[in-house]
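Report on the following structure.
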Protein chains: 2
Amino acid sequence: MSRLDRSLIAHMAPFEGLNPAELDRMIGQARALRITKDHAVFEQEQNAHSFFLLLDGYVRVIKTTPDGEEVIVRYISPGELMGIASALGRTTYPASAIAVVDCVVLAWPSGMWSEFASAFPNFGANTYRTVGNRLQDAHARVVEMSTEQVDQRVAHALLKLVRQSGKRTDEGLLIDFPLSRQDIAEMTGTTLHTVSRLLTAWEEQGLVRSGRQKVTVVEPHRLLMLAEGRTEKT
Amino acid sequence: MSRLDRSLIAHMAPFEGLNPAELDRMIGQARALRITKDHAVFEQEQNAHSFFLLLDGYVRVIKTTPDGEEVIVRYISPGELMGIASALGRTTYPASAIAVVDCVVLAWPSGMWSEFASAFPNFGANTYRTVGNRLQDAHARVVEMSTEQVDQRVAHALLKLVRQSGKRTDEGLLIDFPLSRQDIAEMTGTTLHTVSRLLTAWEEQGLVRSGRQKVTVVEPHRLLMLAEGRTEKT
DNA sequence: ACCCTTCTTTGATGCGGCGCAAAATACTTG
DNA sequence: CAAGTATTTTGCGCCGCATCAAAGAAGGGT
């Protein structure tokens, strides 16, 4: 079994401020896993045995309602932690995490978390900041859902994804992983039909460019104006 | 100036597991404040100088959108911390906190938080658990807003408030602080008109009993069924 | 290259709940 | 106790968006 090297994680936000010896101690306890596309890293309700760091790929975090509807909580990019709700007093995962492309993750036993947090205060602080940011995000989302119309919410969602994973192409900023109309609907509390109509309308206006499981934002600025509610009649 | 006694806080959740000496150290640094009804404990965007514990009363936490709409994030009951987002890396309050009745709060300088958290690990852990719970709540709310109809959301909101502050009366479970139709609307992303219609309909069915800024849940069980989506045609 | 599955588009229809308007009711204050 | 203010109720019209239905496009496996 191949040894893991600290250079894998040294540059990632959760480990900022850790010295090489500390990084070695942490990575020494990690297991690397490959998760193939559409498979779960962890599942809702399941016993929270581990927490994870995404090394490569993208992961979708979803909550499933009792009657089978799915809501996308967020997408995870490389360098982000996931499954850490366990670190905050939960014994079970509150959501499922699904690889949207083939992924590589590191896993540590959950029990180790508090050990790391006290031994490496920077790591603890970094994690808590992450949790704080996610709480912020979630509240922002509640506000959006309460006050904005569907088109604004979809625009915001696309902009958020672009910020998170936008790759510059000759057409604009491409969202770097497969993203269907259904996915966007599950992020914004609408239906794939409405999303489809919005995207074709925006395509006609030259705001975006999209295809099967693929969205490119051509004019982020104009999309932002739309998201912010400026009526934008050209 | 009157000394504060540790018995004020000893039984409250955030201080669980602290010994008397530790409680004394913490409360020795606190300032007690009275906040009169409708006045702010802290305000959105403001520099996060302190974090707070509510000793008595109820506080409404709200976010205001750029265009002046308000969304109620949560209500705080006695024994809960508030304004602790500062403890998670923020320098500014992400929301405002308004006393819904005359309140008594304790305040500590924000800078002290990390000191306390490392000196009294139980306090740190308790706080983080709180944050974890709030993250959970916020996600649950996003899921609700995405998948449920207005009547279900309102029912859920009332049940949550009853759980948090329900007082048994001869009519049922009374929500213990002034709560207007507008307030309920701001918790659920709807309008006061719709809330009013729902409440009168429910009153006719004997589910609730309500008056000016006052709601009593008469039949929690039936209200829960409605919240969960069972069509309930009697 | 062809079939099968998955994803997307587009139309038609209907309704939940918002916006607007106005009256009624309940506290508050002098 | 009367006038003023905040809250609630109720009616009505309409529109954003869900729902239902069905066809079209794009991959993917064999």
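By order in the structure tokens, chains are A, B, ...; within a chain, residues start at 1; ligands start at 1, following the order shown.
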So which residues touch D:DC20 within 10 Å, counting only C-alpha atoms (C1' of nucleotides), skipping near sequence neighbours fewer than 2 positions away, as JSON, numbers by chain?
-> {"C": [12, 13], "D": [18, 22]}
Within 9 Å of chain B, which residues of chain C are there when counting only C-alpha atoms (C1' of nucleotides)? Please give them as a PyMOL selection string.
-> chain C and resi 16-18+26
Would you mind listing, as an mmCIF file with N, CA and C atoms, in the first residue's frame, all residues of chain A that have at least one atom within 10 Å of chain B, where only C-alpha atoms are what counts?
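After the write, selection_9.cif holds the following:
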data_model
loop_
_atom_site.group_PDB
_atom_site.id
_atom_site.type_symbol
_atom_site.label_atom_id
_atom_site.label_comp_id
_atom_site.auth_asym_id
_atom_site.auth_seq_id
_atom_site.Cartn_x
_atom_site.Cartn_y
_atom_site.Cartn_z
ATOM 1 N N ILE A 62 -26.534 15.855 -0.735
ATOM 2 C CA ILE A 62 -27.983 15.939 -0.886
ATOM 3 C C ILE A 62 -28.713 15.465 0.360
ATOM 4 N N LYS A 63 -29.873 16.066 0.583
ATOM 5 C CA LYS A 63 -30.764 15.577 1.624
ATOM 6 C C LYS A 63 -31.996 14.997 0.953
ATOM 7 N N THR A 64 -32.420 13.852 1.435
ATOM 8 C CA THR A 64 -33.604 13.208 0.873
ATOM 9 C C THR A 64 -34.744 13.320 1.879
ATOM 10 N N THR A 65 -35.896 13.768 1.418
ATOM 11 C CA THR A 65 -37.037 13.898 2.319
ATOM 12 C C THR A 65 -37.703 12.542 2.495
ATOM 13 N N PRO A 66 -38.513 12.425 3.557
ATOM 14 C CA PRO A 66 -39.225 11.171 3.805
ATOM 15 C C PRO A 66 -39.951 10.656 2.556
ATOM 16 N N ASP A 67 -40.512 11.563 1.771
ATOM 17 C CA ASP A 67 -41.234 11.083 0.597
ATOM 18 C C ASP A 67 -40.407 11.078 -0.677
ATOM 19 N N GLU A 69 -38.166 13.085 -2.154
ATOM 20 C CA GLU A 69 -37.644 14.213 -2.911
ATOM 21 C C GLU A 69 -36.216 14.506 -2.480
ATOM 22 N N GLU A 70 -35.411 14.989 -3.416
ATOM 23 C CA GLU A 70 -34.032 15.297 -3.087
ATOM 24 C C GLU A 70 -33.747 16.780 -3.207
ATOM 25 N N VAL A 71 -32.958 17.281 -2.274
ATOM 26 C CA VAL A 71 -32.538 18.680 -2.291
ATOM 27 C C VAL A 71 -31.016 18.689 -2.241
ATOM 28 N N ILE A 72 -30.411 19.440 -3.137
ATOM 29 C CA ILE A 72 -28.955 19.534 -3.141
ATOM 30 C C ILE A 72 -28.531 20.600 -2.156
ATOM 31 N N VAL A 73 -27.752 20.204 -1.163
ATOM 32 C CA VAL A 73 -27.320 21.125 -0.122
ATOM 33 C C VAL A 73 -26.136 21.955 -0.622
ATOM 34 N N ILE A 84 -18.236 16.320 8.284
ATOM 35 C CA ILE A 84 -17.707 16.774 9.561
ATOM 36 C C ILE A 84 -18.802 17.136 10.551
ATOM 37 N N ALA A 85 -20.052 17.070 10.129
ATOM 38 C CA ALA A 85 -21.121 17.348 11.076
ATOM 39 C C ALA A 85 -20.966 16.416 12.270
ATOM 40 N N SER A 86 -20.398 15.253 11.987
ATOM 41 C CA SER A 86 -20.112 14.321 13.075
ATOM 42 C C SER A 86 -19.231 14.988 14.118
ATOM 43 N N ALA A 87 -18.334 15.858 13.651
ATOM 44 C CA ALA A 87 -17.415 16.524 14.568
ATOM 45 C C ALA A 87 -18.143 17.498 15.484
ATOM 46 N N LEU A 88 -19.381 17.786 15.174
ATOM 47 C CA LEU A 88 -20.123 18.766 15.954
ATOM 48 C C LEU A 88 -21.214 18.129 16.786
ATOM 49 N N GLY A 89 -20.987 16.926 17.187
ATOM 50 C CA GLY A 89 -21.912 16.296 18.116
ATOM 51 C C GLY A 89 -22.887 15.320 17.504
ATOM 52 N N ARG A 90 -22.883 15.189 16.191
ATOM 53 C CA ARG A 90 -23.794 14.221 15.581
ATOM 54 C C ARG A 90 -23.133 12.852 15.482
ATOM 55 N N PRO A 94 -26.007 13.764 8.350
ATOM 56 C CA PRO A 94 -27.282 14.429 8.091
ATOM 57 C C PRO A 94 -27.634 14.498 6.610
ATOM 58 N N ALA A 95 -26.743 14.055 5.760
ATOM 59 C CA ALA A 95 -26.980 14.118 4.320
ATOM 60 C C ALA A 95 -26.152 13.037 3.640
ATOM 61 N N SER A 114 -11.616 15.048 17.316
ATOM 62 C CA SER A 114 -11.411 15.911 18.489
ATOM 63 C C SER A 114 -9.943 15.877 18.906
ATOM 64 N N SER A 118 -7.673 19.298 19.115
ATOM 65 C CA SER A 118 -6.978 19.832 20.290
ATOM 66 C C SER A 118 -5.462 19.793 20.111
ATOM 67 N N PRO A 121 -4.427 23.184 17.033
ATOM 68 C CA PRO A 121 -5.474 24.211 17.154
ATOM 69 C C PRO A 121 -5.801 24.891 15.834
ATOM 70 N N ALA A 125 -9.480 25.421 14.343
ATOM 71 C CA ALA A 125 -10.010 26.733 13.988
ATOM 72 C C ALA A 125 -10.427 26.786 12.525
ATOM 73 N N ASN A 126 -9.601 26.199 11.669
ATOM 74 C CA ASN A 126 -9.948 26.191 10.246
ATOM 75 C C ASN A 126 -11.267 25.482 10.009
ATOM 76 N N THR A 127 -11.444 24.354 10.670
ATOM 77 C CA THR A 127 -12.673 23.600 10.484
ATOM 78 C C THR A 127 -13.878 24.392 10.966
ATOM 79 N N TYR A 128 -13.723 24.999 12.148
ATOM 80 C CA TYR A 128 -14.859 25.748 12.679
ATOM 81 C C TYR A 128 -15.206 26.913 11.778
ATOM 82 N N ARG A 129 -14.187 27.508 11.197
ATOM 83 C CA ARG A 129 -14.476 28.596 10.259
ATOM 84 C C ARG A 129 -15.279 28.058 9.081
ATOM 85 N N THR A 130 -14.907 26.880 8.622
ATOM 86 C CA THR A 130 -15.668 26.262 7.537
ATOM 87 C C THR A 130 -17.121 26.061 7.932
ATOM 88 N N VAL A 131 -17.313 25.539 9.122
ATOM 89 C CA VAL A 131 -18.680 25.314 9.580
ATOM 90 C C VAL A 131 -19.436 26.639 9.660
ATOM 91 N N GLY A 132 -18.743 27.652 10.178
ATOM 92 C CA GLY A 132 -19.356 28.974 10.241
ATOM 93 C C GLY A 132 -19.757 29.465 8.861
ATOM 94 N N ASN A 133 -18.889 29.280 7.896
ATOM 95 C CA ASN A 133 -19.220 29.704 6.538
ATOM 96 C C ASN A 133 -20.417 28.954 5.995
ATOM 97 N N ARG A 134 -20.479 27.679 6.307
ATOM 98 C CA ARG A 134 -21.606 26.899 5.791
ATOM 99 C C ARG A 134 -22.903 27.323 6.442
ATOM 100 N N LEU A 135 -22.813 27.692 7.711
ATOM 101 C CA LEU A 135 -24.006 28.204 8.382
ATOM 102 C C LEU A 135 -24.466 29.497 7.709
ATOM 103 N N GLN A 136 -23.512 30.342 7.412
ATOM 104 C CA GLN A 136 -23.810 31.565 6.669
ATOM 105 C C GLN A 136 -24.499 31.271 5.348
ATOM 106 N N ASP A 137 -23.902 30.356 4.614
ATOM 107 C CA ASP A 137 -24.450 29.966 3.319
ATOM 108 C C ASP A 137 -25.885 29.511 3.462
ATOM 109 N N ALA A 138 -26.099 28.651 4.444
ATOM 110 C CA ALA A 138 -27.428 28.085 4.605
ATOM 111 C C ALA A 138 -28.431 29.189 4.921
ATOM 112 N N HIS A 139 -28.035 30.126 5.760
ATOM 113 C CA HIS A 139 -28.944 31.222 6.076
ATOM 114 C C HIS A 139 -29.193 32.096 4.857
ATOM 115 N N ALA A 140 -28.136 32.341 4.122
ATOM 116 C CA ALA A 140 -28.309 33.127 2.898
ATOM 117 C C ALA A 140 -29.300 32.447 1.974
ATOM 118 N N ARG A 141 -29.228 31.143 1.947
ATOM 119 C CA ARG A 141 -30.117 30.392 1.086
ATOM 120 C C ARG A 141 -31.551 30.485 1.563
ATOM 121 N N VAL A 142 -31.748 30.434 2.864
ATOM 122 C CA VAL A 142 -33.094 30.588 3.409
ATOM 123 C C VAL A 142 -33.660 31.951 3.010
ATOM 124 N N VAL A 143 -32.838 32.962 3.122
ATOM 125 C CA VAL A 143 -33.289 34.301 2.753
ATOM 126 C C VAL A 143 -33.656 34.347 1.272
ATOM 127 N N GLU A 144 -32.795 33.775 0.447
ATOM 128 C CA GLU A 144 -33.090 33.723 -0.993
ATOM 129 C C GLU A 144 -34.422 33.054 -1.277
ATOM 130 N N MET A 145 -34.591 31.894 -0.657
ATOM 131 C CA MET A 145 -35.798 31.129 -0.926
ATOM 132 C C MET A 145 -37.045 31.879 -0.457
ATOM 133 N N SER A 146 -36.852 32.724 0.558
ATOM 134 C CA SER A 146 -37.996 33.446 1.108
ATOM 135 C C SER A 146 -38.348 34.682 0.295
ATOM 136 N N THR A 147 -37.339 35.277 -0.328
ATOM 137 C CA THR A 147 -37.591 36.603 -0.885
ATOM 138 C C THR A 147 -37.435 36.700 -2.401
ATOM 139 N N GLU A 148 -36.812 35.694 -3.022
ATOM 140 C CA GLU A 148 -36.541 35.836 -4.447
ATOM 141 C C GLU A 148 -37.421 34.946 -5.308
ATOM 142 N N ALA A 185 -32.536 22.446 -10.584
ATOM 143 C CA ALA A 185 -33.860 22.527 -9.948
ATOM 144 C C ALA A 185 -33.772 22.126 -8.484
ATOM 145 N N GLU A 186 -33.001 21.105 -8.186
ATOM 146 C CA GLU A 186 -32.894 20.636 -6.806
ATOM 147 C C GLU A 186 -32.075 21.588 -5.924
ATOM 148 N N MET A 187 -31.307 22.439 -6.554
ATOM 149 C CA MET A 187 -30.579 23.442 -5.774
ATOM 150 C C MET A 187 -31.445 24.657 -5.476
ATOM 151 N N THR A 188 -32.488 24.854 -6.249
ATOM 152 C CA THR A 188 -33.211 26.121 -6.189
ATOM 153 C C THR A 188 -34.681 25.972 -5.836
ATOM 154 N N GLY A 189 -35.089 24.753 -5.607
ATOM 155 C CA GLY A 189 -36.474 24.536 -5.227
ATOM 156 C C GLY A 189 -37.465 24.791 -6.339
ATOM 157 N N THR A 190 -37.139 24.336 -7.529
ATOM 158 C CA THR A 190 -38.082 24.468 -8.630
ATOM 159 C C THR A 190 -38.100 23.153 -9.409
ATOM 160 N N GLU A 228 -29.715 39.928 -8.950
ATOM 161 C CA GLU A 228 -29.960 40.956 -7.940
ATOM 162 C C GLU A 228 -31.297 41.644 -8.123
ATOM 163 N N GLY A 229 -31.961 41.303 -9.201
ATOM 164 C CA GLY A 229 -33.329 41.787 -9.337
ATOM 165 C C GLY A 229 -33.519 43.028 -10.179
#
Interface rows for stretch 1-96 of chain B against stretch 160-178 of chain B: nearest pair, Å to one decimal, 9 Å, only C-alpha atoms, as a Markdown table:
| residue | atom | partner | partner_atom | distance |
| --- | --- | --- | --- | --- |
| B:Gly57 | CA | B:Phe177 | CA | 8.5 |
| B:Tyr58 | CA | B:Phe177 | CA | 7.2 |
| B:Tyr75 | CA | B:Leu161 | CA | 8.1 |
| B:Ile76 | CA | B:Gln164 | CA | 8.9 |
| B:Ser77 | CA | B:Gln164 | CA | 7.4 |
If you run DSSP on this backbone, which residues of chain B come out as strand (DSSP E or B), and could you give them as a ChimeraX atom specification?
-> /B:31-35,40-42,47,50-56,59-64,70-76,81-82,92,96-99,103-109,166-168,173-175,208-211,214-217
Within 10 Å of chain D, which residues of chain B show up when using only C-alpha atoms (C1' of nucleotides), listed as a VMD selection string?
-> chain B and resid 180 to 182 192 to 193 196 to 197 200 211 to 213
Return as JSON, numbers by chain the full set of residues in stretch 19-135 of chain A whose backbone-based DSSP assignment is helix (DSSP H, G or I).
-> {"A": [20, 21, 22, 23, 24, 25, 26, 27, 28, 85, 86, 87, 88, 112, 113, 114, 115, 116, 117, 118, 119, 121, 122, 123, 124, 125, 126, 127, 128, 129, 130, 131, 132, 133, 134, 135]}
Do a neighbour search on B:His39 at 9 Å with only C-alpha atoms (C1' of nucleotides), toss out local chain neighbours closer than 5 positions, and write the hits as a list in words.
-> Ala97, Ile98, Ala99, Val100 and Asp102 of chain B
